[in-house]
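Raw contents of target.cif, mmCIF, C-alpha atoms:
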data_protein
#
loop_
_atom_site.label_atom_id
_atom_site.label_comp_id
_atom_site.auth_asym_id
_atom_site.auth_seq_id
_atom_site.Cartn_x
_atom_site.Cartn_y
_atom_site.Cartn_z
CA MET A 41 49.23 215.33 57.78
CA ALA A 42 48.78 215.37 61.55
CA ASN A 43 51.35 217.08 63.76
CA ARG A 44 52.89 214.30 65.86
CA GLU A 45 54.62 216.61 68.33
CA ARG A 46 51.40 218.51 68.90
CA ILE A 47 49.52 215.24 69.44
CA ILE A 48 51.99 214.22 72.16
CA ASN A 49 51.92 217.63 73.84
CA ASN A 50 48.12 217.81 73.87
CA PHE A 51 47.82 214.24 75.12
CA VAL A 52 50.27 214.90 77.97
CA LYS A 53 48.40 218.11 78.84
CA LEU A 54 44.97 216.49 78.94
CA VAL A 55 46.18 213.44 80.85
CA SER A 56 47.40 215.70 83.66
CA ILE A 57 43.84 216.93 84.25
CA ASP A 58 41.87 215.07 86.90
CA SER A 59 38.58 213.95 85.33
CA PRO A 60 36.93 211.16 87.32
CA SER A 61 33.31 210.34 86.54
CA PHE A 62 31.10 213.23 87.70
CA GLY A 63 34.22 215.34 88.31
CA GLU A 64 34.98 216.47 84.75
CA ARG A 65 34.72 220.24 85.33
CA GLU A 66 38.31 221.18 84.53
CA MET A 67 38.43 218.87 81.52
CA ALA A 68 35.18 220.32 80.18
CA ASP A 69 36.52 223.87 80.53
CA VAL A 70 39.72 223.02 78.65
CA LEU A 71 37.89 221.19 75.86
CA TRP A 72 35.31 223.98 75.54
CA LYS A 73 38.14 226.40 74.79
CA GLU A 74 39.83 224.02 72.34
CA LEU A 75 36.61 223.45 70.42
CA SER A 76 35.80 227.16 70.41
CA ASP A 77 39.27 228.00 69.12
CA LEU A 78 38.66 225.56 66.26
CA GLY A 79 35.48 227.39 65.29
CA PHE A 80 32.88 225.13 66.89
CA ALA A 81 29.71 226.54 68.37
CA VAL A 82 29.84 224.87 71.79
CA THR A 83 27.16 224.16 74.37
CA GLU A 84 27.13 222.28 77.66
CA ASP A 85 24.03 220.56 78.99
CA GLU A 86 22.98 219.92 82.59
CA ALA A 87 23.81 216.23 82.74
CA GLY A 88 26.03 216.85 85.74
CA LYS A 89 23.14 218.26 87.73
CA VAL A 90 21.12 215.12 87.07
CA TYR A 91 23.71 213.02 88.89
CA GLY A 92 25.20 215.55 91.30
CA GLY A 93 28.31 216.01 89.16
CA ASN A 94 30.12 219.25 88.37
CA ALA A 95 30.02 219.26 84.54
CA GLY A 96 27.72 218.40 81.66
CA ASN A 97 28.12 216.84 78.24
CA LEU A 98 29.96 219.07 75.74
CA TYR A 99 28.45 219.40 72.27
CA GLY A 100 30.04 221.26 69.37
CA TYR A 101 28.95 222.00 65.80
CA LEU A 102 31.26 223.09 62.99
CA PRO A 103 29.72 223.78 59.55
CA GLY A 104 31.56 222.34 56.58
CA GLU A 105 31.95 222.90 52.86
CA ILE A 106 31.06 219.38 51.67
CA ASP A 107 27.37 218.75 51.10
CA GLY A 108 25.59 216.13 53.13
CA PRO A 109 24.59 215.56 56.73
CA PRO A 110 27.16 216.10 59.48
CA ILE A 111 29.32 213.33 60.91
CA LEU A 112 29.26 212.84 64.67
CA LEU A 113 32.59 212.24 66.45
CA SER A 114 32.61 211.26 70.10
CA ALA A 115 34.96 210.37 72.97
CA HIS A 116 34.19 210.57 76.68
CA MET A 117 35.80 212.95 79.17
CA ASP A 118 35.95 210.80 82.31
CA THR A 119 38.56 208.27 83.38
CA VAL A 120 38.43 205.35 85.81
CA GLU A 121 40.18 205.28 89.16
CA PRO A 122 42.93 205.68 90.24
CA ALA A 123 42.64 208.91 88.29
CA PHE A 124 44.12 211.69 90.41
CA ASN A 125 47.51 213.28 89.77
CA LYS A 126 48.05 211.39 86.53
CA LYS A 127 51.40 211.96 84.82
CA ALA A 128 52.15 210.84 81.28
CA VAL A 129 55.64 209.43 80.72
CA VAL A 130 56.82 209.56 77.10
CA HIS A 131 59.37 206.82 76.45
CA PRO A 132 62.11 206.97 73.78
CA ASP A 133 60.35 204.36 71.62
CA GLY A 134 57.17 206.46 71.46
CA THR A 135 55.24 204.49 74.08
CA ILE A 136 53.36 206.64 76.60
CA THR A 137 52.53 205.30 80.06
CA SER A 138 51.59 206.66 83.46
CA ASP A 139 54.14 206.71 86.26
CA GLY A 140 52.66 203.42 87.45
CA THR A 141 50.60 204.80 90.34
CA THR A 142 47.51 205.75 88.31
CA VAL A 143 45.79 204.89 85.08
CA LEU A 144 47.13 206.78 82.08
CA GLY A 145 43.78 208.05 80.83
CA ALA A 146 44.24 206.95 77.21
CA ASP A 147 40.71 205.66 77.79
CA ASP A 148 39.45 207.95 76.45
CA LEU A 149 41.80 210.90 76.00
CA SER A 150 43.43 209.16 73.05
CA GLY A 151 40.08 209.54 71.30
CA VAL A 152 39.66 213.15 72.41
CA VAL A 153 43.13 214.10 71.17
CA ALA A 154 42.64 212.37 67.80
CA ILE A 155 39.39 214.25 67.19
CA LEU A 156 40.90 217.62 68.10
CA GLU A 157 44.06 217.09 66.07
CA ALA A 158 42.13 215.86 63.02
CA VAL A 159 39.97 218.97 62.92
CA ARG A 160 42.96 221.23 63.62
CA SER A 161 44.98 219.64 60.80
CA VAL A 162 42.14 219.90 58.29
CA LYS A 163 41.60 223.58 59.09
CA GLU A 164 45.33 224.33 58.84
CA LYS A 165 45.46 222.74 55.38
CA ASN A 166 42.23 224.50 54.35
CA LEU A 167 40.76 221.17 53.29
CA PRO A 168 37.03 221.03 52.59
CA HIS A 169 35.27 218.91 55.19
CA ARG A 170 31.88 217.64 56.17
CA SER A 171 29.91 219.48 58.80
CA ILE A 172 31.17 218.04 62.07
CA GLU A 173 29.37 217.42 65.32
CA VAL A 174 31.40 216.54 68.40
CA LEU A 175 30.01 215.11 71.61
CA PHE A 176 32.27 214.70 74.64
CA PRO A 177 30.08 212.99 77.27
CA ILE A 178 30.62 212.80 81.01
CA ALA A 179 30.41 209.61 83.08
CA GLU A 180 30.76 207.01 80.35
CA GLU A 181 32.70 204.76 82.68
CA VAL A 182 29.71 204.38 85.04
CA TYR A 183 27.30 202.80 82.58
CA LEU A 184 27.08 205.60 80.01
CA LYS A 185 25.34 208.00 82.35
CA GLY A 186 26.19 211.20 80.46
CA SER A 187 25.07 210.15 76.99
CA ASP A 188 21.99 208.51 78.50
CA VAL A 189 20.47 211.89 79.40
CA PHE A 190 21.72 213.92 76.42
CA ASP A 191 19.06 215.69 74.32
CA TYR A 192 19.46 213.98 70.94
CA SER A 193 17.17 216.44 69.21
CA LYS A 194 20.30 218.61 68.98
CA ILE A 195 22.11 216.03 66.82
CA LYS A 196 21.76 216.40 63.06
CA ALA A 197 24.05 213.51 62.16
CA LYS A 198 22.74 210.05 61.38
CA GLU A 199 26.18 208.41 61.51
CA ALA A 200 28.71 208.38 64.34
CA TYR A 201 32.29 207.38 65.00
CA VAL A 202 32.98 206.71 68.67
CA LEU A 203 36.69 206.64 69.49
CA ASP A 204 36.69 204.33 72.50
CA LEU A 205 38.13 200.88 71.79
CA SER A 206 41.28 198.91 72.56
CA GLY A 207 43.14 196.97 69.90
CA GLU A 208 45.16 197.61 66.78
CA ILE A 209 44.32 200.70 64.78
CA GLY A 210 41.87 199.66 62.08
CA THR A 211 39.81 197.59 64.51
CA ALA A 212 36.19 198.61 64.91
CA ALA A 213 33.37 197.14 66.96
CA LEU A 214 30.09 196.69 65.08
CA LYS A 215 28.23 194.76 67.74
CA ALA A 216 27.87 195.34 71.49
CA PRO A 217 25.77 193.84 74.30
CA THR A 218 22.79 194.52 76.44
CA LEU A 219 23.98 194.79 80.03
CA VAL A 220 21.55 194.02 82.84
CA SER A 221 22.62 195.02 86.34
CA ILE A 222 21.16 192.87 89.12
CA GLU A 223 20.68 193.62 92.82
CA ALA A 224 19.13 190.87 94.90
CA VAL A 225 18.38 191.34 98.61
CA PHE A 226 17.73 188.29 100.78
CA THR A 227 16.02 189.18 104.06
CA GLY A 228 15.91 186.53 106.77
CA LYS A 229 15.66 186.84 110.53
CA ALA A 230 18.34 187.83 113.00
CA ALA A 231 19.04 185.68 116.05
CA HIS A 232 21.83 185.06 118.54
CA ALA A 233 24.18 182.58 116.89
CA GLY A 234 25.12 180.97 120.19
CA PHE A 235 21.91 180.90 122.23
CA ALA A 236 19.17 180.57 119.59
CA PRO A 237 20.48 180.03 116.06
CA GLU A 238 17.49 177.81 115.23
CA THR A 239 15.12 180.79 115.60
CA GLY A 240 16.93 182.77 112.90
CA ILE A 241 16.74 182.69 109.10
CA HIS A 242 20.27 182.82 107.69
CA ALA A 243 20.23 185.32 104.80
CA ILE A 244 23.84 184.67 103.74
CA LYS A 245 23.20 180.92 103.54
CA ALA A 246 20.15 181.54 101.36
CA ALA A 247 22.17 183.84 99.12
CA ALA A 248 25.00 181.31 98.89
CA GLU A 249 22.60 178.58 97.81
CA ALA A 250 21.14 180.97 95.24
CA ILE A 251 24.58 181.62 93.76
CA THR A 252 25.41 177.92 93.53
CA ALA A 253 22.12 177.31 91.72
CA ILE A 254 22.99 179.49 88.74
CA GLN A 255 25.53 179.18 85.96
CA MET A 256 28.18 181.89 85.94
CA GLY A 257 30.97 182.88 83.61
CA ARG A 258 30.55 182.40 79.86
CA ILE A 259 27.10 180.95 79.34
CA ASP A 260 27.52 180.72 75.57
CA THR A 261 29.38 182.55 72.81
CA GLU A 262 27.23 185.67 73.22
CA THR A 263 26.30 185.71 76.93
CA THR A 264 28.10 186.11 80.26
CA VAL A 265 26.88 186.14 83.88
CA ASN A 266 28.71 187.34 86.98
CA ILE A 267 27.89 187.95 90.63
CA GLY A 268 30.60 190.38 91.64
CA LEU A 269 29.60 191.71 95.06
CA ILE A 270 28.18 190.17 98.24
CA GLU A 271 27.37 192.14 101.36
CA GLY A 272 25.79 190.87 104.56
CA GLY A 273 25.97 190.28 108.27
CA LEU A 274 26.56 192.50 111.28
CA ALA A 275 28.67 190.40 113.67
CA ARG A 276 30.13 186.94 114.09
CA ASN A 277 27.61 185.98 116.75
CA ILE A 278 24.47 187.13 114.91
CA VAL A 279 22.56 185.03 112.40
CA PRO A 280 22.61 187.49 109.47
CA GLU A 281 19.25 189.02 108.66
CA LYS A 282 20.23 190.51 105.31
CA CYS A 283 22.47 189.66 102.38
CA ILE A 284 22.85 191.65 99.17
CA LEU A 285 24.11 190.22 95.89
CA LYS A 286 25.09 192.44 92.97
CA GLY A 287 25.93 191.18 89.52
CA GLU A 288 25.30 191.48 85.82
CA VAL A 289 24.21 189.69 82.68
CA ARG A 290 25.68 190.64 79.30
CA SER A 291 24.51 189.33 75.97
CA LEU A 292 24.88 190.37 72.36
CA ARG A 293 21.20 189.47 71.98
CA HIS A 294 18.81 191.56 74.04
CA GLU A 295 16.25 188.76 74.31
CA LYS A 296 18.93 186.37 75.56
CA ALA A 297 19.94 188.83 78.28
CA LEU A 298 16.33 189.02 79.45
CA GLU A 299 15.95 185.23 79.38
CA GLU A 300 19.11 184.66 81.42
CA THR A 301 18.10 187.33 83.92
CA GLU A 302 14.74 185.63 84.40
CA LYS A 303 16.47 182.28 85.02
CA ILE A 304 18.52 183.93 87.74
CA ARG A 305 15.46 185.54 89.32
CA LYS A 306 13.66 182.19 89.47
CA ALA A 307 16.67 180.41 90.98
CA PHE A 308 17.07 183.15 93.58
CA GLN A 309 13.38 183.00 94.44
CA GLU A 310 13.51 179.24 94.91
CA ALA A 311 16.50 179.60 97.24
CA ALA A 312 14.72 182.31 99.23
CA ASP A 313 11.53 180.26 99.50
CA LYS A 314 13.47 177.20 100.66
CA ALA A 315 15.09 179.23 103.44
CA LYS A 316 11.81 181.03 104.25
CA ALA A 317 13.55 184.32 103.45
CA VAL A 318 12.15 187.25 101.51
CA LEU A 319 13.70 188.17 98.16
CA THR A 320 13.80 191.60 96.55
CA PHE A 321 15.13 191.37 92.99
CA GLU A 322 15.79 194.55 91.01
CA THR A 323 17.29 195.06 87.56
CA THR A 324 18.46 198.05 85.55
CA PHE A 325 19.88 198.34 82.06
CA GLY A 326 23.45 199.57 81.72
CA CYS A 327 23.09 199.58 77.93
CA LEU A 328 21.11 197.95 75.15
CA SER A 329 22.60 195.76 72.43
CA TYR A 330 23.03 196.79 68.80
CA GLU A 331 24.56 195.56 65.57
CA THR A 332 25.84 197.74 62.72
CA LEU A 333 26.14 195.94 59.40
CA GLU A 334 29.34 196.01 57.35
CA SER A 335 27.23 197.16 54.40
CA ASP A 336 26.10 200.30 56.24
CA PRO A 337 27.53 203.56 54.85
CA VAL A 338 29.16 204.42 58.17
CA VAL A 339 31.25 201.25 57.94
CA GLN A 340 31.96 201.59 54.23
CA ARG A 341 33.33 205.12 54.75
CA TYR A 342 35.57 203.79 57.51
CA GLU A 343 36.73 200.96 55.24
CA ARG A 344 37.67 203.40 52.47
CA ALA A 345 39.51 205.67 54.89
CA CYS A 346 41.60 202.80 56.20
CA GLN A 347 42.31 201.45 52.71
CA GLU A 348 43.58 204.85 51.58
CA LEU A 349 45.98 204.81 54.52
CA SER A 350 46.99 201.15 53.97
CA ILE A 351 45.54 200.25 57.37
CA LYS A 352 44.01 196.80 57.63
CA THR A 353 40.49 196.76 59.05
CA ASN A 354 39.24 194.24 61.57
CA TYR A 355 35.54 194.23 62.46
CA ILE A 356 34.68 192.68 65.81
CA GLU A 357 31.98 192.29 68.41
CA THR A 358 32.65 193.54 71.94
CA PHE A 359 31.25 192.67 75.34
CA GLY A 360 31.86 196.23 76.51
CA GLY A 361 29.34 199.04 76.31
CA SER A 362 30.10 202.52 75.01
CA ASP A 363 28.28 205.74 74.26
CA ASN A 364 27.56 204.21 70.87
CA ASN A 365 24.95 202.00 72.54
CA ASN A 366 23.02 205.16 73.39
CA PHE A 367 23.59 206.68 69.96
CA VAL A 368 22.13 203.65 68.20
CA ARG A 369 19.19 203.69 70.62
CA ASN A 370 18.56 207.25 69.43
CA ASN A 371 18.61 206.35 65.72
CA ILE A 372 22.24 207.26 65.01
CA THR A 373 24.12 204.43 63.29
CA GLY A 374 27.64 204.20 64.62
CA ILE A 375 30.77 202.15 65.11
CA VAL A 376 33.40 202.16 67.85
CA MET A 377 36.96 202.73 66.61
CA ALA A 378 40.22 201.58 68.15
CA CYS A 379 42.08 204.74 69.07
CA GLY A 380 45.34 203.76 70.75
CA MET A 381 44.33 202.62 74.22
CA ASN A 382 45.82 199.43 75.64
CA SER A 383 45.62 197.59 79.01
CA VAL A 384 42.84 199.97 80.00
CA HIS A 385 41.37 200.20 83.49
CA SER A 386 44.75 199.40 85.01
CA THR A 387 47.92 201.20 86.05
CA LYS A 388 49.67 199.41 83.16
CA GLU A 389 47.60 201.33 80.58
CA TYR A 390 49.60 202.68 77.65
CA THR A 391 49.41 204.21 74.20
CA HIS A 392 51.90 204.89 71.40
CA ILE A 393 52.40 207.98 69.29
CA ASP A 394 52.17 205.89 66.11
CA ASP A 395 48.69 204.74 67.12
CA LEU A 396 47.55 208.23 68.06
CA ASP A 397 48.86 209.53 64.75
CA SER A 398 47.25 206.75 62.68
CA CYS A 399 43.91 207.19 64.42
CA THR A 400 44.05 210.92 63.73
CA GLU A 401 44.73 210.26 60.05
CA ILE A 402 41.66 208.01 59.85
CA VAL A 403 39.49 210.74 61.36
CA ILE A 404 40.90 213.23 58.84
CA LYS A 405 39.85 210.91 56.02
CA LEU A 406 36.39 210.45 57.55
CA ILE A 407 35.59 214.13 57.85
CA THR A 408 36.98 215.04 54.43
CA SER A 409 35.11 212.26 52.62
CA ALA A 410 32.48 213.37 50.14
CA LYS A 411 30.53 210.11 50.54
#
Show me, as structure tokens, the structure contained in the file I just sent.
Amino acid sequence: MANRERIINNFVKLVSIDSPSFGEREMADVLWKELSDLGFAVTEDEAGKVYGGNAGNLYGYLPGEIDGPPILLSAHMDTVEPAFNKKAVVHPDGTITSDGTTVLGADDLSGVVAILEAVRSVKEKNLPHRSIEVLFPIAEEVYLKGSDVFDYSKIKAKEAYVLDLSGEIGTAALKAPTLVSIEAVFTGKAAHAGFAPETGIHAIKAAAEAITAIQMGRIDTETTVNIGLIEGGLARNIVPEKCILKGEVRSLRHEKALEETEKIRKAFQEAADKAKAVLTFETTFGCLSYETLESDPVVQRYERACQELSIKTNYIETFGGSDNNNFVRNNITGIVMACGMNSVHSTKEYTHIDDLDSCTEIVIKLITSAK
């Protein structure tokens, strides 16, 4: 039912738009017009102003002919770096890549295109559909910042489909983690490294001992820990006064994430005390864990849609966050659908027209379902 040539053309068009996190202005303007042309009542919030960005979250509402609450469809507008001057290259076999110097932007423009094409196809065929709500958030790639400040009192839907997952079409994530971001600052005492090193307190040494005292990598089947950044020191001949460690804990169980974070805090404090350094330990939540059951109506509708299209479903858990984490936190039950993005967050990112087309067909089935 979907128009494959139009899918390719719209994908190539949207990919060419620069839309880094907090710089989604041009993308928002283009998508506002596309939604308006499809009959949506569109609004834009002030999420960008909260973070110093140039665009807000786009929300659209389209009334339908099928009774029942609306269905929420969502895909984010921003892309990771390198994201400027992206060019989509359509290969003879239907694969679409960048030119190799940037990401492609299939994360998450594949989801955006599938949503737009599904609605466009349904309207062209005059098919009755559910009332549809669309949310295109900003700044998903930087810990879901856009959807975190959205006013959910505007949303009527209780069920959501977030198009933002790698993997074969038919794959859907039903479980995602809590993500705790950690910033630990070790403050020692500066001293001349040649003349009086014994009078200093070596902050980098204290931080290094703290790192070696904790377990990193995969802690268990549902938990990971990583220290990814270390900053400290001013010069080779100065005992470093300060060292900053930044890392994260992810767990599919919220309580487990908190427990592991507390273990890290205690280990870091012991290392600081041993070195007679001062520790400042701060945490923030990137997202909170959730689990959607296979028996939930939102999953059962997805299952029926895929079966009607002879697409095999595969329900998974993911260690990546998405806007769905914020939806569930605001009492909207959702799943995250694979939408034709592969090798994301790299210059080798690619999609395929068959995947974009199949994803679009699933969305068509979802919004035309009477149940």
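For the file shown, the residue list from the PyMOL selection byres ((chain A and resi 322) around 6) reads Ile222, Glu223, Phe321 and Thr323 of chain A.
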Inset, instruction - Taking the file above as input, evaluate the PyMOL selection byres ((chain A and resi 177) around 8) and report the hits as a PyMOL selection string. - result: chain A and resi 96-98+114-117+175-176+178-180+186-187
Inset, instruction - Can you give me, as a PyMOL selection string, the residues this file yields under the PyMOL selection byres ((chain A and resi 313) around 12)? - result: chain A and resi 226-228+241+243+246-247+249-250+306-312+314-320
With C-alpha atoms retained, could you export that selection as a PDB file, in the frame of the given file?
ATOM      1  CA  PHE A 226      17.730 188.290 100.780  1.00  0.00           C
ATOM      2  CA  THR A 227      16.020 189.180 104.060  1.00  0.00           C
ATOM      3  CA  GLY A 228      15.910 186.530 106.770  1.00  0.00           C
ATOM      4  CA  ILE A 241      16.740 182.690 109.100  1.00  0.00           C
ATOM      5  CA  ALA A 243      20.230 185.320 104.800  1.00  0.00           C
ATOM      6  CA  ALA A 246      20.150 181.540 101.360  1.00  0.00           C
ATOM      7  CA  ALA A 247      22.170 183.840  99.120  1.00  0.00           C
ATOM      8  CA  GLU A 249      22.600 178.580  97.810  1.00  0.00           C
ATOM      9  CA  ALA A 250      21.140 180.970  95.240  1.00  0.00           C
ATOM     10  CA  LYS A 306      13.660 182.190  89.470  1.00  0.00           C
ATOM     11  CA  ALA A 307      16.670 180.410  90.980  1.00  0.00           C
ATOM     12  CA  PHE A 308      17.070 183.150  93.580  1.00  0.00           C
ATOM     13  CA  GLN A 309      13.380 183.000  94.440  1.00  0.00           C
ATOM     14  CA  GLU A 310      13.510 179.240  94.910  1.00  0.00           C
ATOM     15  CA  ALA A 311      16.500 179.600  97.240  1.00  0.00           C
ATOM     16  CA  ALA A 312      14.720 182.310  99.230  1.00  0.00           C
ATOM     17  CA  LYS A 314      13.470 177.200 100.660  1.00  0.00           C
ATOM     18  CA  ALA A 315      15.090 179.230 103.440  1.00  0.00           C
ATOM     19  CA  LYS A 316      11.810 181.030 104.250  1.00  0.00           C
ATOM     20  CA  ALA A 317      13.550 184.320 103.450  1.00  0.00           C
ATOM     21  CA  VAL A 318      12.150 187.250 101.510  1.00  0.00           C
ATOM     22  CA  LEU A 319      13.700 188.170  98.160  1.00  0.00           C
ATOM     23  CA  THR A 320      13.800 191.600  96.550  1.00  0.00           C
TER      24      THR A 320
END
All residues 6 Å or closer to A:Ile172, only C-alpha atoms, same chain fewer than 2 positions away omitted, as a PDB file with C-alpha atoms, in the coordinates of the input:
ATOM      1  CA  TYR A 101      28.950 222.000  65.800  1.00  0.00           C
ATOM      2  CA  LEU A 102      31.260 223.090  62.990  1.00  0.00           C
ATOM      3  CA  PRO A 110      27.160 216.100  59.480  1.00  0.00           C
ATOM      4  CA  ILE A 111      29.320 213.330  60.910  1.00  0.00           C
ATOM      5  CA  ARG A 170      31.880 217.640  56.170  1.00  0.00           C
TER       6      ARG A 170
END
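The gap separating atom CA of A:Thr264 from atom CA of A:Ala248 is 19.5 Å, in Å to one decimal.
Picture a line from atom CA of A:Leu205 to atom CA of A:Met41; it runs 23.0 Å.
At a cut-off of 12 Å from (20.1, 203.3, 69.0), the residue set is A:Ser187, A:Asp188, A:Tyr192, A:Lys198, A:Glu199, A:Ala200, A:Lys215, A:Ala216, A:Thr218, A:Cys327, A:Leu328, A:Ser329, A:Tyr330, A:Glu331, A:Thr332, A:Ser362, A:Asp363, A:Asn364, A:Asn365, A:Asn366, A:Phe367, A:Val368, A:Arg369, A:Asn370, A:Asn371, A:Ile372, A:Thr373, A:Gly374, A:Ile375 (counting only C-alpha atoms).
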Inset, instruction - Quote the spacing between atom CA of A:Glu64 and atom CA of A:Ala95 in Å to one decimal place. - result: 5.7 Å
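Nearest residue to A:Thr408, choosing from A:Leu112, A:Val338, A:Leu167, A:Val182 and counting only C-alpha atoms: A:Leu167.
The closest residue to A:Lys89, picked from A:Val189, A:Leu269, A:Ile106, A:Ala213 and counting only C-alpha atoms, is A:Val189.
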Inset, instruction - Find the residues near A:Gly326: any atom within 9 Å, counting all atoms listed in the file, skip ones fewer than 5 places away on the same chain, and give them as a count of residues only. - result: 9
Inset, instruction - Tell me which of A:Glu271, A:Glu157, A:Glu343, A:Asp191 sits closest to A:Cys399, counting all atoms listed in the file. - result: A:Glu157
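Using all atoms listed in the file for every distance, the candidate list A:Met256, A:Val174, A:Ala146, A:Leu214 yields A:Ala146 as the residue closest to A:Thr387.
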Inset, instruction - Please identify all polymer residues within 7 Å of A:Ala212, counting only C-alpha atoms, omitting same-chain residues fewer than 5 positions from it, and present them as JSON, numbers by chain. - result: {"A": [354, 355, 356, 375, 376, 377, 378]}
Generate a file of the selected residues that holds C-alpha atoms, formatted as a compact mmCIF listing (two decimals), keeping the file's coordinate frame.
# COMPACT_ATOMS: atom_id res chain seq x y z
CA ASN A 354 39.24 194.24 61.57
CA TYR A 355 35.54 194.23 62.46
CA ILE A 356 34.68 192.68 65.81
CA ILE A 375 30.77 202.15 65.11
CA VAL A 376 33.40 202.16 67.85
CA MET A 377 36.96 202.73 66.61
CA ALA A 378 40.22 201.58 68.15
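Near A:Tyr342, within a cut-off of 9 Å and counting only C-alpha atoms, sit the residues Tyr201, Gly210, Pro337, Val338, Val339, Gln340, Arg344, Ala345, Cys346, Gln347, Thr353, Ile402, Val403, Lys405 and Leu406 of chain A, with same-chain residues fewer than 2 positions away left out.
Once A:Phe359 and its same-chain neighbours fewer than 2 positions away are set aside, Ala216, Pro217, Arg290, Ser291, Leu292, Glu357 and Gly361 of chain A remain within 8 Å of it when counting all atoms listed in the file.
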Legend entry - Selected residue, from A:Thr400, A:Ser409, A:Ser171, A:Thr391, that lies nearest to A:Gly104 when counting all atoms listed in the file: A:Ser171
